[in-house]
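Engineer: Here you go, this is run-v7.cif (mmCIF, C-alpha atoms).
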```cif
data_upload
loop_
_atom_site.label_atom_id
_atom_site.label_comp_id
_atom_site.auth_asym_id
_atom_site.auth_seq_id
_atom_site.Cartn_x
_atom_site.Cartn_y
_atom_site.Cartn_z
CA MET I 1 100.34 2.42 -112.53
CA SER I 2 100.09 5.95 -113.88
CA VAL I 3 99.84 9.16 -111.86
CA SER I 4 97.14 11.59 -112.94
CA MET I 5 97.79 15.32 -113.20
CA LEU I 6 94.95 15.95 -110.71
CA SER I 7 96.44 13.67 -108.06
CA THR I 8 99.76 15.49 -108.40
CA PHE I 9 98.23 18.72 -107.08
CA VAL I 10 95.16 17.62 -105.09
CA LYS I 11 96.11 15.61 -102.00
CA PRO I 12 93.87 13.95 -99.41
CA MET I 13 93.22 16.04 -96.31
CA HIS I 14 93.63 14.75 -92.77
CA PRO I 15 90.30 14.76 -90.86
CA GLU I 16 91.84 17.11 -88.27
CA GLY I 17 91.76 19.87 -90.88
CA ARG I 18 88.07 19.71 -91.81
CA LYS I 19 86.83 22.10 -89.14
CA PHE I 20 89.57 24.61 -89.94
CA VAL I 21 88.75 24.56 -93.65
CA ALA I 22 85.07 25.00 -92.80
CA ILE I 23 85.86 28.00 -90.58
CA ALA I 24 88.08 29.56 -93.24
CA ALA I 25 85.41 29.02 -95.89
CA ALA I 26 82.71 30.63 -93.70
CA ILE I 27 84.94 33.65 -93.09
CA THR I 28 85.57 33.87 -96.83
CA LEU I 29 81.83 34.08 -97.56
CA VAL I 30 81.52 36.94 -95.09
CA LEU I 31 84.49 38.72 -96.67
CA PHE I 32 82.96 38.38 -100.15
CA ALA I 33 79.77 39.96 -98.80
CA LEU I 34 81.75 42.88 -97.38
CA TRP I 35 84.10 43.50 -100.30
CA GLU I 36 85.05 41.18 -103.16
CA PRO I 37 88.85 41.69 -102.97
CA LEU I 38 88.73 40.63 -99.32
CA GLY I 39 86.83 37.53 -100.38
CA TRP I 40 89.61 36.50 -102.73
CA ILE I 41 92.12 36.93 -99.92
CA GLY I 42 89.92 34.64 -97.83
CA THR I 43 89.84 32.15 -100.69
CA GLY I 44 93.62 32.04 -100.70
CA LEU I 45 93.62 31.51 -96.94
CA THR I 46 91.13 28.65 -97.24
CA VAL I 47 93.24 26.94 -99.89
CA TRP I 48 96.31 27.31 -97.67
CA VAL I 49 94.50 25.75 -94.69
CA TYR I 50 93.48 22.80 -96.86
CA TYR I 51 97.06 22.51 -98.13
CA PHE I 52 98.47 22.62 -94.59
CA PHE I 53 96.39 19.63 -93.52
CA ARG I 54 97.17 17.56 -96.62
CA ASP I 55 97.92 13.92 -95.89
CA PRO I 56 99.44 12.38 -99.04
CA GLU I 57 100.23 8.71 -99.41
CA ARG I 58 103.93 8.00 -99.16
CA VAL I 59 106.03 5.18 -100.64
CA THR I 60 108.08 3.88 -97.72
CA PRO I 61 111.29 2.07 -98.76
CA ASP I 62 111.29 -1.67 -98.03
CA ARG I 63 115.07 -1.77 -97.66
CA ALA I 64 116.03 -3.63 -94.47
CA GLY I 65 117.88 -1.95 -91.63
CA VAL I 66 117.06 1.69 -92.31
CA MET I 67 115.07 4.45 -90.61
CA VAL I 68 112.98 7.01 -92.48
CA SER I 69 112.30 10.62 -91.60
CA PRO I 70 109.29 11.10 -89.30
CA ALA I 71 108.55 14.55 -90.72
CA ASP I 72 108.65 16.72 -93.81
CA GLY I 73 111.06 19.63 -93.46
CA VAL I 74 114.74 20.49 -93.26
CA VAL I 75 117.41 18.95 -91.03
CA SER I 76 118.31 21.77 -88.62
CA LEU I 77 120.42 19.96 -85.99
CA LEU I 78 122.61 16.85 -85.98
CA GLU I 79 124.43 16.28 -82.71
CA PRO I 80 124.71 14.14 -79.55
CA ALA I 81 122.06 15.02 -76.96
CA THR I 82 120.45 13.50 -73.88
CA PRO I 83 116.88 12.37 -74.65
CA PRO I 84 113.96 13.64 -72.54
CA ALA I 85 113.91 11.81 -69.20
CA GLU I 86 110.22 10.96 -69.52
CA LEU I 87 110.93 8.56 -72.41
CA GLY I 88 113.00 6.21 -70.27
CA LEU I 89 115.88 6.08 -72.76
CA GLY I 90 118.59 6.68 -70.17
CA GLU I 91 120.92 9.59 -69.48
CA ALA I 92 123.62 8.79 -72.02
CA PRO I 93 123.70 11.10 -75.07
CA MET I 94 122.17 9.71 -78.26
CA THR I 95 122.56 11.03 -81.80
CA ARG I 96 119.78 13.57 -82.28
CA ILE I 97 118.49 14.64 -85.68
CA SER I 98 116.11 17.60 -85.69
CA VAL I 99 113.75 18.20 -88.61
CA PHE I 100 112.27 21.70 -88.72
CA MET I 101 108.82 22.02 -90.31
CA SER I 102 107.65 25.34 -91.72
CA VAL I 103 103.96 26.21 -92.07
CA PHE I 104 104.21 25.08 -95.70
CA ASN I 105 105.29 21.50 -94.93
CA CYS I 106 102.97 18.54 -94.51
CA HIS I 107 102.60 18.07 -90.74
CA VAL I 108 101.54 14.43 -90.48
CA ASN I 109 104.24 12.50 -88.60
CA ARG I 110 105.38 8.94 -89.33
CA ILE I 111 107.26 6.16 -87.53
CA PRO I 112 110.94 5.94 -88.53
CA ALA I 113 111.41 2.19 -87.93
CA ALA I 114 109.13 -0.71 -87.05
CA GLY I 115 108.85 -1.59 -83.38
CA ARG I 116 106.76 -1.54 -80.21
CA ILE I 117 105.93 1.70 -78.42
CA THR I 118 107.22 1.59 -74.85
CA ALA I 119 106.39 5.16 -73.76
CA VAL I 120 104.17 8.08 -74.78
CA ALA I 121 104.84 11.19 -72.72
CA TYR I 122 103.49 14.75 -72.93
CA HIS I 123 105.46 17.62 -71.38
CA GLU I 124 104.14 21.15 -70.91
CA GLY I 125 106.41 24.00 -71.92
CA LYS I 126 106.97 27.23 -73.80
CA PHE I 127 106.40 28.13 -77.45
CA LEU I 128 109.85 29.34 -78.49
CA ASN I 129 111.04 29.32 -82.08
CA ALA I 130 111.30 25.59 -82.87
CA SER I 131 114.55 26.12 -84.79
CA LEU I 132 116.38 27.01 -81.54
CA ASP I 133 118.40 24.30 -79.82
CA LYS I 134 116.80 25.03 -76.42
CA ALA I 135 113.34 24.29 -77.88
CA SER I 136 114.12 20.60 -77.25
CA THR I 137 114.08 21.18 -73.50
CA ASP I 138 111.97 24.32 -73.01
CA ASN I 139 109.08 23.93 -75.45
CA GLU I 140 105.86 22.00 -75.14
CA ARG I 141 106.47 18.51 -76.48
CA ASN I 142 105.16 14.99 -76.85
CA GLY I 143 107.53 12.08 -77.16
CA ILE I 144 107.35 8.39 -77.93
CA ALA I 145 109.93 5.68 -77.29
CA VAL I 146 110.02 2.69 -79.65
CA GLU I 147 111.68 -0.66 -79.03
CA LEU I 148 113.10 -2.36 -82.10
CA PRO I 149 112.79 -6.14 -82.59
CA ASP I 150 116.44 -6.52 -81.49
CA GLY I 151 115.77 -4.74 -78.17
CA ARG I 152 117.37 -1.39 -78.97
CA LYS I 153 115.26 1.72 -78.43
CA TYR I 154 114.91 5.08 -80.11
CA GLY I 155 112.83 8.18 -79.48
CA VAL I 156 110.79 10.62 -81.54
CA VAL I 157 109.74 13.94 -79.97
CA GLN I 158 107.12 16.29 -81.41
CA ILE I 159 108.00 19.86 -80.42
CA ALA I 160 105.69 22.88 -80.56
CA GLY I 161 106.94 26.16 -82.03
CA LEU I 162 105.98 29.83 -82.22
CA VAL I 163 102.75 29.13 -84.10
CA ALA I 164 102.03 25.54 -83.10
CA ARG I 165 99.44 25.29 -80.36
CA ARG I 166 98.43 21.64 -80.47
CA ILE I 167 100.36 18.40 -80.66
CA LEU I 168 98.41 15.28 -81.61
CA CYS I 169 99.61 11.72 -81.01
CA TRP I 170 97.18 8.87 -81.55
CA SER I 171 99.59 5.99 -80.84
CA VAL I 172 99.61 4.22 -77.46
CA VAL I 173 101.96 2.18 -75.30
CA ASP I 174 102.47 -1.46 -76.44
CA GLU I 175 101.18 -0.68 -79.92
CA ALA I 176 103.16 -2.36 -82.71
CA MET I 177 104.08 0.16 -85.39
CA GLU I 178 105.32 -0.28 -88.94
CA ARG I 179 107.93 1.90 -90.61
CA GLY I 180 106.22 4.87 -92.26
CA GLN I 181 102.98 4.44 -90.29
CA ARG I 182 101.26 7.68 -89.20
CA PHE I 183 101.44 8.36 -85.48
CA GLY I 184 100.70 12.07 -85.00
CA LEU I 185 100.36 15.62 -86.27
CA ILE I 186 101.30 19.13 -85.11
CA ARG I 187 99.56 22.41 -85.93
CA PHE I 188 100.95 24.88 -87.20
CA GLY I 189 104.74 24.85 -87.75
CA SER I 190 107.17 23.06 -85.42
CA ARG I 191 109.87 20.38 -85.33
CA LEU I 192 110.62 16.74 -84.62
CA ASP I 193 113.66 15.35 -82.82
CA ILE I 194 114.78 11.79 -83.55
CA TYR I 195 117.07 10.09 -81.04
CA LEU I 196 118.81 7.27 -82.89
CA PRO I 197 119.28 3.87 -81.23
CA GLU I 198 122.71 2.64 -80.19
CA GLY I 199 124.83 1.71 -83.21
CA ALA I 200 122.70 3.59 -85.75
CA GLU I 201 124.40 5.96 -88.17
CA PRO I 202 122.81 9.11 -89.63
CA LEU I 203 122.69 9.34 -93.42
CA VAL I 204 121.66 13.00 -93.69
CA GLU I 205 123.28 16.40 -93.33
CA ILE I 206 122.17 19.76 -91.93
CA GLY I 207 120.13 21.64 -94.52
CA GLN I 208 118.91 18.48 -96.28
CA THR I 209 115.20 18.31 -97.15
CA MET I 210 113.22 15.43 -95.67
CA ILE I 211 110.05 13.68 -96.85
CA ALA I 212 108.22 11.89 -94.04
CA GLY I 213 107.99 8.15 -94.53
CA GLU I 214 110.23 8.20 -97.60
CA THR I 215 113.63 9.81 -96.99
CA VAL I 216 116.11 7.41 -95.39
CA ILE I 217 117.47 9.26 -92.37
CA ALA I 218 119.71 6.62 -90.78
CA THR I 219 120.93 3.05 -90.99
CA LEU I 220 120.39 0.76 -88.02
CA ASP I 221 123.33 -1.53 -88.80
CA PRO I 222 126.11 0.37 -90.63
CA ASP I 223 128.38 -2.71 -90.84
CA THR I 224 125.80 -4.67 -92.85
CA GLN I 225 125.02 -1.92 -95.38
CA HIS I 226 126.75 -2.01 -98.72
#
```
I need this file expressed as structure tokens, please.

Structural biologist:
Amino acid sequence: MSVSMLSTFVKPMHPEGRKFVAIAAAITLVLFALWEPLGWIGTGLTVWVYYFFRDPERVTPDRAGVMVSPADGVVSLLEPATPPAELGLGEAPMTRISVFMSVFNCHVNRIPAAGRITAVAYHEGKFLNASLDKASTDNERNGIAVELPDGRKYGVVQIAGLVARRILCWSVVDEAMERGQRFGLIRFGSRLDIYLPEGAEPLVEIGQTMIAGETVIATLDPDTQH
């Protein structure tokens, strides 16, 4: 299968972005009517809005026993942390990997490992810089807990940031999810925290760039990986 030059640059857009592109385009027409240079600025803004809501297909690895990144972005934290109480994952610290998304990253979120959703919980909060450690506890967030086929559980938490003002999650409790499957989206700029299940081992480092649904972020069974 060959990849066309057009498909390299033009990506599908998530339906959530249609109204925002339409608004940006309407503003652009008004700006052109007022003064042409302003219109070209509006054109650039419209293209950026389309680009922000891009939803490209991803090639999820079929390698057994691994977890993939739930978000595009950069690993900003890697440390033990207690998961949000509302997810029902217990009070013991779990390995947390935080992926920070800038306004230039794709913001469609994907499931790290196949399993059944056991909790979906929204928590009101602030809109601090999502790169700060305290954003995990203080910011507005939406989390999901997923039970693996072997009974272990992990969590994924969508966290709002300075610019983000809406967290979307279209997955529900008891839904069976596949690795790499889309489960949500955040607008505009934010972060995701992944709480690894017991026994899992991270395979990334701080500063590493992630691709949602593609980059292997952890192994579920380190002793069986060669």

Engineer: Could you tell me, as a compact mmCIF listing (two decimals) with C-alpha atoms, keeping the file's coordinate frame, exactly which residues end up selected when the PyMOL selection byres ((chain I and resi 111-124) around 7) is applied to this structure?

Structural biologist:
```txt
# COMPACT_ATOMS: atom_id res chain seq x y z
CA MET I 67 115.07 4.45 -90.61
CA VAL I 68 112.98 7.01 -92.48
CA SER I 69 112.30 10.62 -91.60
CA PRO I 70 109.29 11.10 -89.30
CA GLU I 86 110.22 10.96 -69.52
CA LEU I 87 110.93 8.56 -72.41
CA ARG I 110 105.38 8.94 -89.33
CA GLY I 125 106.41 24.00 -71.92
CA GLU I 140 105.86 22.00 -75.14
CA ARG I 141 106.47 18.51 -76.48
CA ASN I 142 105.16 14.99 -76.85
CA GLY I 143 107.53 12.08 -77.16
CA ILE I 144 107.35 8.39 -77.93
CA ALA I 145 109.93 5.68 -77.29
CA VAL I 146 110.02 2.69 -79.65
CA GLU I 147 111.68 -0.66 -79.03
CA LEU I 148 113.10 -2.36 -82.10
CA PRO I 149 112.79 -6.14 -82.59
CA VAL I 172 99.61 4.22 -77.46
CA VAL I 173 101.96 2.18 -75.30
CA ASP I 174 102.47 -1.46 -76.44
CA GLU I 175 101.18 -0.68 -79.92
CA ALA I 176 103.16 -2.36 -82.71
CA MET I 177 104.08 0.16 -85.39
CA GLU I 178 105.32 -0.28 -88.94
CA ARG I 179 107.93 1.90 -90.61
CA GLY I 180 106.22 4.87 -92.26
CA GLN I 181 102.98 4.44 -90.29
CA ARG I 182 101.26 7.68 -89.20
CA PHE I 183 101.44 8.36 -85.48
```

Engineer: Can you spell out as a list in words the set of residues that the PyMOL selection byres ((chain I and resi 92) around 9) selects in the structure I just provided?

Structural biologist: Ala81, Thr82, Pro83, Leu89, Gly90, Glu91, Pro93 and Met94 of chain I

Engineer: Choose the residue, out of I:Ile217, I:Ile41, I:Cys169, I:Ile206, that has the smallest atom-to-atom separation from Leu29 in chain I; count only C-alpha atoms.

Structural biologist: I:Ile41

Engineer: If you count all atoms listed in the file, which residues fall within 8 Å of range 20-28 of chain I, apart from same-chain ones fewer than 5 positions away, as a list in words?

Structural biologist: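 In the requested form, the answer reads Leu38, Gly39, Trp40, Ile41, Gly42, Thr43, Leu45, Thr46, Val49 and Tyr50 of chain I.
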
Engineer: Just the selected residues (C-alpha atoms), exported as a PDB file, in the frame of the given file, please.

Structural biologist:
```pdb
ATOM      1  CA  LEU I  38      88.730  40.630 -99.320  1.00  0.00           C
ATOM      2  CA  GLY I  39      86.830  37.530-100.380  1.00  0.00           C
ATOM      3  CA  TRP I  40      89.610  36.500-102.730  1.00  0.00           C
ATOM      4  CA  ILE I  41      92.120  36.930 -99.920  1.00  0.00           C
ATOM      5  CA  GLY I  42      89.920  34.640 -97.830  1.00  0.00           C
ATOM      6  CA  THR I  43      89.840  32.150-100.690  1.00  0.00           C
ATOM      7  CA  LEU I  45      93.620  31.510 -96.940  1.00  0.00           C
ATOM      8  CA  THR I  46      91.130  28.650 -97.240  1.00  0.00           C
ATOM      9  CA  VAL I  49      94.500  25.750 -94.690  1.00  0.00           C
ATOM     10  CA  TYR I  50      93.480  22.800 -96.860  1.00  0.00           C
TER      11      TYR I  50
END
```

Engineer: Between CA of Pro61 in chain I and CA of Ile211 in chain I, what is the distance in Å, rounded to a tenth?

Structural biologist: 11.8 Å

Engineer: Would you compute, for all listed atoms of range 12-24 of chain I, the axis-aligned bounding box grown by 3 Å on each side, and then report its centre and edge lengths in Å rounded to one decimal, as lines of an AutoDock Vina configuration file?

Structural biologist:
```
center_x = 89.5
center_y = 21.8
center_z = -93.8
size_x = 14.8
size_y = 21.6
size_z = 17.1
```

Engineer: Would you work out the distance separating CA of Gly151 in chain I from CA of Phe100 in chain I, expressed in Å to one decimal?

Structural biologist: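 Computing the Euclidean distance for CA of Gly151 in chain I and CA of Phe100 in chain I yields 28.7 Å.
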
Engineer: Regenerate range 22-41 of chain I at the level of N, CA, C and O atoms and dump it as a tab-separated table (two decimals), keeping the file's coordinate frame.

Structural biologist:
```
chain	number	residue	atom	x	y	z
I	22	ALA	N	86.44	24.51	-92.88
I	22	ALA	CA	85.07	25.00	-92.80
I	22	ALA	C	85.01	26.41	-92.22
I	22	ALA	O	84.27	27.28	-92.71
I	23	ILE	N	85.82	26.66	-91.18
I	23	ILE	CA	85.86	28.00	-90.58
I	23	ILE	C	86.40	29.01	-91.57
I	23	ILE	O	85.85	30.12	-91.73
I	24	ALA	N	87.49	28.66	-92.26
I	24	ALA	CA	88.08	29.56	-93.24
I	24	ALA	C	87.11	29.85	-94.38
I	24	ALA	O	87.00	30.99	-94.86
I	25	ALA	N	86.37	28.84	-94.81
I	25	ALA	CA	85.41	29.02	-95.89
I	25	ALA	C	84.26	29.94	-95.46
I	25	ALA	O	83.80	30.80	-96.23
I	26	ALA	N	83.79	29.77	-94.21
I	26	ALA	CA	82.71	30.63	-93.70
I	26	ALA	C	83.16	32.08	-93.62
I	26	ALA	O	82.43	33.01	-93.99
I	27	ILE	N	84.40	32.29	-93.15
I	27	ILE	CA	84.94	33.65	-93.09
I	27	ILE	C	85.05	34.24	-94.49
I	27	ILE	O	84.77	35.44	-94.71
I	28	THR	N	85.44	33.40	-95.45
I	28	THR	CA	85.57	33.87	-96.83
I	28	THR	C	84.24	34.36	-97.39
I	28	THR	O	84.17	35.39	-98.08
I	29	LEU	N	83.16	33.66	-97.09
I	29	LEU	CA	81.83	34.08	-97.56
I	29	LEU	C	81.47	35.45	-96.99
I	29	LEU	O	80.91	36.31	-97.69
I	30	VAL	N	81.80	35.65	-95.72
I	30	VAL	CA	81.52	36.94	-95.09
I	30	VAL	C	82.35	38.04	-95.76
I	30	VAL	O	81.85	39.15	-96.04
I	31	LEU	N	83.61	37.75	-96.04
I	31	LEU	CA	84.49	38.72	-96.67
I	31	LEU	C	84.01	39.09	-98.07
I	31	LEU	O	84.06	40.25	-98.47
I	32	PHE	N	83.51	38.10	-98.82
I	32	PHE	CA	82.96	38.38	-100.15
I	32	PHE	C	81.76	39.33	-100.03
I	32	PHE	O	81.56	40.22	-100.87
I	33	ALA	N	80.94	39.11	-98.99
I	33	ALA	CA	79.77	39.96	-98.80
I	33	ALA	C	80.16	41.39	-98.45
I	33	ALA	O	79.47	42.35	-98.82
I	34	LEU	N	81.29	41.54	-97.75
I	34	LEU	CA	81.75	42.88	-97.38
I	34	LEU	C	82.43	43.60	-98.53
I	34	LEU	O	82.14	44.77	-98.80
I	35	TRP	N	83.34	42.89	-99.20
I	35	TRP	CA	84.10	43.50	-100.30
I	35	TRP	C	84.79	42.38	-101.08
I	35	TRP	O	85.52	41.57	-100.51
I	36	GLU	N	84.56	42.31	-102.37
I	36	GLU	CA	85.05	41.18	-103.16
I	36	GLU	C	86.54	40.94	-103.05
I	36	GLU	O	86.97	39.77	-102.90
I	37	PRO	N	87.41	41.97	-103.11
I	37	PRO	CA	88.85	41.69	-102.97
I	37	PRO	C	89.21	40.98	-101.66
I	37	PRO	O	90.10	40.13	-101.63
I	38	LEU	N	88.49	41.33	-100.58
I	38	LEU	CA	88.73	40.63	-99.32
I	38	LEU	C	88.34	39.16	-99.43
I	38	LEU	O	88.97	38.27	-98.85
I	39	GLY	N	87.28	38.90	-100.19
I	39	GLY	CA	86.83	37.53	-100.38
I	39	GLY	C	87.87	36.68	-101.07
I	39	GLY	O	88.07	35.50	-100.72
I	40	TRP	N	88.57	37.26	-102.05
I	40	TRP	CA	89.61	36.50	-102.73
I	40	TRP	C	90.81	36.24	-101.82
I	40	TRP	O	91.46	35.19	-101.92
I	41	ILE	N	91.08	37.18	-100.92
I	41	ILE	CA	92.12	36.93	-99.92
I	41	ILE	C	91.71	35.76	-99.03
I	41	ILE	O	92.50	34.88	-98.71
```
